[in-house]
Amino acid sequence: QAQLAESGGGLAQAGGSLRLSCTLSGTRRSITNMGWWRQAIGKERELVADISSGDIIEYGDSVKGRFTISRGNDKNTVYLQMNGLKPEDTGVYYCYADPQPRGRYWGQGTRITVSS
């Protein structure tokens with residue numbers, strides 16, 4: 001059974017940095033896109049960053065210039081380097097992976113809290 005294991009969440013001060021990791025296991029299906037969505041209290045869920053198997057990247061407008069997404073050489077691990085954190089980055093971050101031919105695997109979510 002496919003599983004996404006996330007790590008790296010926690011507390012940070014405004015202006016600080018955190019690095020999230022997410023590793024997929026339990027499937028032999030090829031993975032196209034991986035990325036992160038986040039959910040903050042009282043806000044709609046939003047895309048943080050997405051990266052394709054060909055390293056085409058998309059960022060949410062609110063994180064452009066501050067966050068960097070990358071994939072490991074095995075293509076089953078995705079990283080999110082978060083710099084210049086702001087209190088509005090607080091929320092639960094969910095990793096996902098899109099297997100071929102269709103579908104989406106989700107991680108359990110990791111909480112980020114940024115204090116001002």
# chains A, B, ... in the order shown; residues from 1 in each chain; ligands from 1
$ residues_around --residues "stretch 48-61 of chain A" --least-positions-apart "2" --cutoff "9 Å" --atoms "only C-alpha atoms" --output "list of chain:residue names"
A:Ile31, A:Thr32, A:Asn33, A:Met34, A:Gly35, A:Trp36, A:Trp37, A:Arg38, A:Glu46, A:Val63, A:Lys64, A:Phe67, A:Thr68, A:Ile69, A:Ser70, A:Arg71, A:Lys75, A:Val78, A:Leu80, A:Tyr93
$ closest_residue --among "A:Cys95, A:Ile41, A:Leu47, A:Val114" --to "A:Ser21" --atoms "only C-alpha atoms"
A:Cys95
$ closest_residue --among "A:Gly103, A:Gly72, A:Gly84, A:Gly109" --to "A:Ala12" --atoms "only C-alpha atoms"
A:Gly84
$ residues_around --residues "A:Gly107" --least-positions-apart "4" --cutoff "8 Å" --atoms "only C-alpha atoms" --output "NGL selection string"
:A and (3-6 or 22 or 94-96)
$ closest_residue --among "A:Thr110, A:Thr90, A:Asn76, A:Ser30" --to "A:Ala14" --atoms "only C-alpha atoms"
A:Thr90
$ atom_distance --atom1 "atom CA of A:Gln1" --atom2 "atom CA of A:Ala97"
13.5 Å
$ residues_around --residues "A:Arg29" --least-positions-apart "3" --cutoff "9 Å" --atoms "only C-alpha atoms" --output "list of chain:residue names"
A:Pro99, A:Gln100, A:Pro101
$ atom_distance --atom1 "atom CA of A:Ala2" --atom2 "atom CA of A:Asn73"
19.0 Å
$ atom_distance --atom1 "atom CA of A:Glu88" --atom2 "atom CA of A:Gln13"
11.6 Å
$ select_by_dssp --residues "stretch 10-90 of chain A" --states "strand (DSSP E or B)" --output "PyMOL selection string"
chain A and resi 10-13+18-25+31-39+46-51+57-59+67-71+77-82
$ closest_residue --among "A:Ser7, A:Pro87, A:Thr77, A:Arg102" --to "A:Ala40" --atoms "only C-alpha atoms"
A:Pro87
$ closest_residue --among "A:Leu24, A:Arg104, A:Ser62, A:Thr113" --to "A:Asp74" --atoms "only C-alpha atoms"
A:Leu24
$ closest_residue --among "A:Thr23, A:Ile112, A:Gly91, A:Arg66" --to "A:Gln39" --atoms "only C-alpha atoms"
A:Gly91
$ decode --residues "stretch 53-103 of chain A" --atoms "N, CA and C atoms" --output "CSV table (one decimal), in the first residue's frame"
chain,number,residue,atom,x,y,z
A,53,SER,N,7.7,15.2,-13.0
A,53,SER,CA,8.8,14.3,-13.2
A,53,SER,C,9.9,14.9,-14.1
A,54,GLY,N,9.5,15.9,-14.9
A,54,GLY,CA,10.5,16.5,-15.7
A,54,GLY,C,11.0,17.8,-15.1
A,55,ASP,N,10.7,18.0,-13.8
A,55,ASP,CA,11.2,19.2,-13.0
A,55,ASP,C,10.6,20.5,-13.5
A,56,ILE,N,9.4,20.4,-14.0
A,56,ILE,CA,8.6,21.6,-14.3
A,56,ILE,C,7.9,22.0,-13.0
A,57,ILE,N,8.1,23.3,-12.5
A,57,ILE,CA,7.7,23.7,-11.2
A,57,ILE,C,6.6,24.8,-11.3
A,58,GLU,N,5.7,24.7,-10.3
A,58,GLU,CA,4.7,25.7,-10.2
A,58,GLU,C,4.6,26.1,-8.7
A,59,TYR,N,4.5,27.3,-8.4
A,59,TYR,CA,4.4,27.8,-7.0
A,59,TYR,C,3.1,28.6,-6.8
A,60,GLY,N,2.6,28.5,-5.6
A,60,GLY,CA,1.5,29.4,-5.3
A,60,GLY,C,2.0,30.8,-5.2
A,61,ASP,N,1.1,31.8,-5.5
A,61,ASP,CA,1.6,33.2,-5.5
A,61,ASP,C,2.2,33.6,-4.2
A,62,SER,N,1.6,33.1,-3.1
A,62,SER,CA,2.0,33.6,-1.8
A,62,SER,C,3.4,33.1,-1.4
A,63,VAL,N,3.9,32.2,-2.0
A,63,VAL,CA,5.2,31.6,-1.6
A,63,VAL,C,6.3,31.8,-2.6
A,64,LYS,N,6.0,32.4,-3.8
A,64,LYS,CA,7.0,32.6,-4.8
A,64,LYS,C,8.1,33.5,-4.3
A,65,GLY,N,9.4,33.1,-4.6
A,65,GLY,CA,10.5,33.8,-4.1
A,65,GLY,C,11.0,33.4,-2.7
A,66,ARG,N,10.2,32.7,-2.0
A,66,ARG,CA,10.6,32.3,-0.6
A,66,ARG,C,10.7,30.8,-0.5
A,67,PHE,N,9.9,30.0,-1.2
A,67,PHE,CA,9.9,28.6,-1.0
A,67,PHE,C,10.6,28.0,-2.3
A,68,THR,N,11.2,26.8,-2.1
A,68,THR,CA,11.8,26.1,-3.2
A,68,THR,C,11.5,24.6,-3.1
A,69,ILE,N,10.9,24.1,-4.2
A,69,ILE,CA,10.6,22.7,-4.2
A,69,ILE,C,11.6,21.9,-5.0
A,70,SER,N,11.9,20.7,-4.7
A,70,SER,CA,12.8,19.9,-5.4
A,70,SER,C,12.5,18.4,-5.2
A,71,ARG,N,13.0,17.6,-6.1
A,71,ARG,CA,12.8,16.1,-5.9
A,71,ARG,C,14.1,15.4,-5.8
A,72,GLY,N,14.1,14.3,-5.1
A,72,GLY,CA,15.3,13.5,-5.0
A,72,GLY,C,15.6,12.8,-6.3
A,73,ASN,N,16.8,12.2,-6.4
A,73,ASN,CA,17.2,11.5,-7.6
A,73,ASN,C,16.3,10.3,-7.9
A,74,ASP,N,15.8,9.7,-6.9
A,74,ASP,CA,14.9,8.5,-7.1
A,74,ASP,C,13.5,9.0,-7.5
A,75,LYS,N,13.2,10.2,-7.5
A,75,LYS,CA,11.9,10.8,-8.0
A,75,LYS,C,10.8,10.5,-7.1
A,76,ASN,N,11.0,9.8,-6.0
A,76,ASN,CA,9.9,9.4,-5.1
A,76,ASN,C,10.0,10.2,-3.8
A,77,THR,N,10.9,11.2,-3.7
A,77,THR,CA,11.0,12.1,-2.6
A,77,THR,C,10.9,13.5,-3.0
A,78,VAL,N,10.2,14.3,-2.3
A,78,VAL,CA,10.1,15.7,-2.6
A,78,VAL,C,10.4,16.5,-1.4
A,79,TYR,N,11.1,17.6,-1.6
A,79,TYR,CA,11.5,18.5,-0.5
A,79,TYR,C,10.9,19.9,-0.7
A,80,LEU,N,10.7,20.6,0.4
A,80,LEU,CA,10.2,21.9,0.3
A,80,LEU,C,11.0,22.8,1.3
A,81,GLN,N,11.9,23.6,0.7
A,81,GLN,CA,12.7,24.5,1.5
A,81,GLN,C,11.9,25.8,1.7
A,82,MET,N,11.7,26.2,2.9
A,82,MET,CA,10.8,27.3,3.2
A,82,MET,C,11.7,28.4,3.9
A,83,ASN,N,12.0,29.5,3.2
A,83,ASN,CA,12.7,30.6,3.8
A,83,ASN,C,11.8,31.8,3.9
A,84,GLY,N,12.3,32.7,4.7
A,84,GLY,CA,11.5,33.9,4.9
A,84,GLY,C,10.1,33.7,5.4
A,85,LEU,N,10.0,32.8,6.3
A,85,LEU,CA,8.6,32.4,6.8
A,85,LEU,C,7.9,33.5,7.4
A,86,LYS,N,6.6,33.5,7.2
A,86,LYS,CA,5.7,34.5,7.7
A,86,LYS,C,4.6,33.9,8.6
A,87,PRO,N,4.0,34.6,9.5
A,87,PRO,CA,2.9,34.0,10.3
A,87,PRO,C,1.8,33.4,9.4
A,88,GLU,N,1.6,34.0,8.3
A,88,GLU,CA,0.5,33.5,7.4
A,88,GLU,C,0.9,32.2,6.7
A,89,ASP,N,2.1,31.7,6.9
A,89,ASP,CA,2.5,30.4,6.4
A,89,ASP,C,2.0,29.3,7.4
A,90,THR,N,1.5,29.7,8.5
A,90,THR,CA,1.1,28.7,9.5
A,90,THR,C,0.0,27.9,8.9
A,91,GLY,N,0.0,26.6,9.2
A,91,GLY,CA,-1.0,25.7,8.7
A,91,GLY,C,-0.5,24.2,8.7
A,92,VAL,N,-1.4,23.4,8.1
A,92,VAL,CA,-1.0,22.0,7.9
A,92,VAL,C,-0.6,21.8,6.5
A,93,TYR,N,0.5,21.2,6.3
A,93,TYR,CA,1.1,21.0,4.9
A,93,TYR,C,0.9,19.6,4.5
A,94,TYR,N,0.3,19.3,3.4
A,94,TYR,CA,0.0,18.0,2.9
A,94,TYR,C,0.9,17.7,1.7
A,95,CYS,N,1.6,16.6,1.7
A,95,CYS,CA,2.4,16.2,0.6
A,95,CYS,C,1.5,15.3,-0.3
A,96,TYR,N,1.7,15.3,-1.6
A,96,TYR,CA,1.0,14.4,-2.5
A,96,TYR,C,1.9,13.9,-3.6
A,97,ALA,N,1.4,12.8,-4.2
A,97,ALA,CA,2.1,12.2,-5.3
A,97,ALA,C,1.1,11.7,-6.3
A,98,ASP,N,1.3,11.9,-7.6
A,98,ASP,CA,0.4,11.5,-8.6
A,98,ASP,C,0.9,10.3,-9.3
A,99,PRO,N,0.3,9.1,-9.1
A,99,PRO,CA,0.8,7.9,-9.8
A,99,PRO,C,0.2,7.8,-11.2
A,100,GLN,N,0.9,7.1,-12.1
A,100,GLN,CA,0.3,6.8,-13.4
A,100,GLN,C,-0.5,5.6,-13.3
A,101,PRO,N,-1.6,5.4,-14.0
A,101,PRO,CA,-2.1,6.4,-15.0
A,101,PRO,C,-2.9,7.6,-14.4
A,102,ARG,N,-3.4,7.4,-13.1
A,102,ARG,CA,-4.2,8.4,-12.5
A,102,ARG,C,-4.3,8.2,-11.0
A,103,GLY,N,-4.8,9.2,-10.4
A,103,GLY,CA,-5.0,9.1,-8.9
A,103,GLY,C,-4.1,10.1,-8.2
